[in-house]
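To start, the structure itself, in structure tokens.
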Amino acid sequence: MKKLITAWLLTAALFTGYATYAQQPAGKTIREGKHSFTLQWISWDRPGEVIIKKQKDATYTVKGEQRDEQTGDFVTIDGTLTVDAPRELTFNGTIRTQYSNVNGGKVCEKTGTYHFLAKGARKYWRLQEMDNCEGNNVVDYVDIYFH
């Protein structure tokens with residue numbers, strides 16, 4: 001009977017996503033150091049990088065970029081992160097994107113407070129305010145990876 005209950009609990013844990021949460025950052029901290037950083041228009045296969053550093057006030061600075069050296073397309077991020085929950089971050093600062101085939105090739109700059117969430121089994125936080133400056137249902141997937 002114990003084996004049956006144990007098997008049932010393990011199965012339930014897998015289907016409810018408990019196992020994925022155990023692999024994610026714990027508490028109200030995130031790992032300092034280098035993290036991969038992407039904008040889908042540039043590449044998920046050749047990520048850029050951000051550096052995350054803890055500050056004395058329990059916030060984190062985040063700064064970095066992803067660039068395509070051949071086309072000049074890029075995404076940059078510069079600001080602070082507050083950990084609301086292990087899978088929820090609040091960002092305050094500036095995110096700039098430029099992709100030649102979106103927004104007429106012009107820079108799209110977002111300055112202010114934004115939110116990053118890691119939904120489901122994702123191993124990255126995705127910017128939730130995704131609309132590109134072009135509008136017309138064009139969205140930017142800006143992602144900061146756990147590692």
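By convention here, the chains of the structure tokens are called A, B, ... in the order presented, each chain's residues are numbered starting at 1, and ligands are numbered starting at 1 in the order presented.
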Discussion item. DSSP on the backbone, helix (DSSP H, G or I) only: what residues of chain A does that give? Format it as an NGL selection string.
Written reply: :A and (2-16 or 18-22 or 103-105)
Discussion item. Would you pick out the contacts of stretch 119-131 of chain A at 9 Å or less, using only C-alpha atoms, so that residues sharing its chain but fewer than 2 positions from it are not included, and give the list as a list in words?
Written reply: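 In the requested format, the answer is Gly17, Thr20, Tyr21, Gln23, Gln24, Arg87, Glu88, Leu89, Tyr114, His115, Phe116, Leu117, Cys133, Glu134, Gly135, Asn136, Asn137, Val138, Val139, Asp140, Tyr141, Val142, Asp143, Ile144, Tyr145, Phe146 and His147 of chain A.
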Output the selection as a PDB file, in the first residue's frame - N, CA and C atoms for each residue.
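Saved as again-v7.pdb:
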```
ATOM      1  N   GLY A  17       3.201  19.991 -11.760  1.00  0.00           N
ATOM      2  CA  GLY A  17       4.310  20.904 -11.983  1.00  0.00           C
ATOM      3  C   GLY A  17       5.180  21.117 -10.770  1.00  0.00           C
ATOM      4  N   THR A  20       8.937  20.894 -11.384  1.00  0.00           N
ATOM      5  CA  THR A  20       9.588  21.997 -12.085  1.00  0.00           C
ATOM      6  C   THR A  20       9.871  23.154 -11.142  1.00  0.00           C
ATOM      7  N   TYR A  21       9.010  23.378 -10.181  1.00  0.00           N
ATOM      8  CA  TYR A  21       9.253  24.465  -9.232  1.00  0.00           C
ATOM      9  C   TYR A  21      10.470  24.180  -8.368  1.00  0.00           C
ATOM     10  N   GLN A  23      13.189  23.038  -9.223  1.00  0.00           N
ATOM     11  CA  GLN A  23      14.405  23.359  -9.959  1.00  0.00           C
ATOM     12  C   GLN A  23      14.596  24.855 -10.137  1.00  0.00           C
ATOM     13  N   GLN A  24      13.615  25.650  -9.795  1.00  0.00           N
ATOM     14  CA  GLN A  24      13.671  27.084 -10.034  1.00  0.00           C
ATOM     15  C   GLN A  24      14.283  27.813  -8.836  1.00  0.00           C
ATOM     16  N   ARG A  87       9.229  33.129  -9.545  1.00  0.00           N
ATOM     17  CA  ARG A  87       8.966  33.127 -10.979  1.00  0.00           C
ATOM     18  C   ARG A  87       8.379  34.447 -11.459  1.00  0.00           C
ATOM     19  N   GLU A  88       8.466  35.490 -10.612  1.00  0.00           N
ATOM     20  CA  GLU A  88       7.911  36.800 -10.956  1.00  0.00           C
ATOM     21  C   GLU A  88       8.892  37.899 -10.584  1.00  0.00           C
ATOM     22  N   LEU A  89       9.258  38.712 -11.584  1.00  0.00           N
ATOM     23  CA  LEU A  89      10.188  39.813 -11.372  1.00  0.00           C
ATOM     24  C   LEU A  89       9.545  41.123 -11.821  1.00  0.00           C
ATOM     25  N   TYR A 114       8.070  47.283 -15.705  1.00  0.00           N
ATOM     26  CA  TYR A 114       7.574  46.166 -16.491  1.00  0.00           C
ATOM     27  C   TYR A 114       7.680  44.883 -15.671  1.00  0.00           C
ATOM     28  N   HIS A 115       7.109  43.808 -16.206  1.00  0.00           N
ATOM     29  CA  HIS A 115       7.048  42.554 -15.455  1.00  0.00           C
ATOM     30  C   HIS A 115       7.579  41.383 -16.276  1.00  0.00           C
ATOM     31  N   PHE A 116       8.349  40.516 -15.616  1.00  0.00           N
ATOM     32  CA  PHE A 116       8.850  39.288 -16.213  1.00  0.00           C
ATOM     33  C   PHE A 116       8.261  38.120 -15.436  1.00  0.00           C
ATOM     34  N   LEU A 117       7.724  37.128 -16.149  1.00  0.00           N
ATOM     35  CA  LEU A 117       7.153  35.935 -15.518  1.00  0.00           C
ATOM     36  C   LEU A 117       7.742  34.681 -16.150  1.00  0.00           C
ATOM     37  N   CYS A 133       6.682  48.698 -30.495  1.00  0.00           N
ATOM     38  CA  CYS A 133       6.242  50.056 -30.813  1.00  0.00           C
ATOM     39  C   CYS A 133       5.465  50.124 -32.126  1.00  0.00           C
ATOM     40  N   GLU A 134       5.662  49.163 -33.017  1.00  0.00           N
ATOM     41  CA  GLU A 134       4.965  49.144 -34.301  1.00  0.00           C
ATOM     42  C   GLU A 134       3.474  48.934 -34.120  1.00  0.00           C
ATOM     43  N   GLY A 135       3.095  48.195 -33.098  1.00  0.00           N
ATOM     44  CA  GLY A 135       1.680  47.875 -32.926  1.00  0.00           C
ATOM     45  C   GLY A 135       1.288  46.755 -33.865  1.00  0.00           C
ATOM     46  N   ASN A 136       0.047  46.771 -34.336  1.00  0.00           N
ATOM     47  CA  ASN A 136      -0.447  45.774 -35.292  1.00  0.00           C
ATOM     48  C   ASN A 136      -0.174  44.344 -34.848  1.00  0.00           C
ATOM     49  N   ASN A 137      -0.314  44.045 -33.584  1.00  0.00           N
ATOM     50  CA  ASN A 137      -0.136  42.702 -33.040  1.00  0.00           C
ATOM     51  C   ASN A 137       1.291  42.163 -33.178  1.00  0.00           C
ATOM     52  N   VAL A 138       2.269  43.039 -33.307  1.00  0.00           N
ATOM     53  CA  VAL A 138       3.669  42.623 -33.332  1.00  0.00           C
ATOM     54  C   VAL A 138       4.162  42.609 -31.892  1.00  0.00           C
ATOM     55  N   VAL A 139       4.692  41.456 -31.458  1.00  0.00           N
ATOM     56  CA  VAL A 139       5.170  41.352 -30.083  1.00  0.00           C
ATOM     57  C   VAL A 139       6.637  40.948 -30.059  1.00  0.00           C
ATOM     58  N   ASP A 140       7.310  41.398 -29.014  1.00  0.00           N
ATOM     59  CA  ASP A 140       8.706  41.039 -28.769  1.00  0.00           C
ATOM     60  C   ASP A 140       8.754  40.065 -27.602  1.00  0.00           C
ATOM     61  N   TYR A 141       9.396  38.922 -27.804  1.00  0.00           N
ATOM     62  CA  TYR A 141       9.621  37.976 -26.723  1.00  0.00           C
ATOM     63  C   TYR A 141      11.023  38.246 -26.168  1.00  0.00           C
ATOM     64  N   VAL A 142      11.080  39.004 -25.090  1.00  0.00           N
ATOM     65  CA  VAL A 142      12.344  39.323 -24.426  1.00  0.00           C
ATOM     66  C   VAL A 142      12.455  38.400 -23.220  1.00  0.00           C
ATOM     67  N   ASP A 143      13.495  37.560 -23.217  1.00  0.00           N
ATOM     68  CA  ASP A 143      13.625  36.518 -22.208  1.00  0.00           C
ATOM     69  C   ASP A 143      14.955  36.612 -21.463  1.00  0.00           C
ATOM     70  N   ILE A 144      14.882  36.451 -20.143  1.00  0.00           N
ATOM     71  CA  ILE A 144      16.072  36.310 -19.284  1.00  0.00           C
ATOM     72  C   ILE A 144      16.039  34.880 -18.749  1.00  0.00           C
ATOM     73  N   TYR A 145      17.077  34.126 -19.025  1.00  0.00           N
ATOM     74  CA  TYR A 145      17.124  32.708 -18.650  1.00  0.00           C
ATOM     75  C   TYR A 145      17.650  32.552 -17.221  1.00  0.00           C
ATOM     76  N   PHE A 146      17.192  31.493 -16.547  1.00  0.00           N
ATOM     77  CA  PHE A 146      17.623  31.254 -15.166  1.00  0.00           C
ATOM     78  C   PHE A 146      19.128  31.109 -15.077  1.00  0.00           C
ATOM     79  N   HIS A 147      19.752  30.469 -16.061  1.00  0.00           N
ATOM     80  CA  HIS A 147      21.207  30.237 -16.012  1.00  0.00           C
ATOM     81  C   HIS A 147      21.865  30.796 -17.238  1.00  0.00           C
TER      82      HIS A 147
END
```
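For the pair atom CA of A:Ala85 and atom CA of A:Ile51, the separation is 19.7 Å.
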Worksheet item: In chain A, what's strand (DSSP E or B) per DSSP? Answer as a VMD selection string?
Response: chain A and resid 33 to 39 48 to 54 60 to 67 74 to 85 88 to 98 108 to 117 124 to 127 131 139 142 to 145
Fill in: Between atom CA of A:Arg96 and atom CA of A:Thr29, distance in Å (one decimal)
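A separation of 25.4 Å between them.
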Worksheet item: From the list A:Glu109, A:Tyr99, A:Asn132, A:Ile30, which residue is nearest A:Gln70 when using only C-alpha atoms?
Response: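 Between A:Glu109, A:Tyr99, A:Asn132, A:Ile30, the residue approaching A:Gln70 most closely is A:Tyr99.
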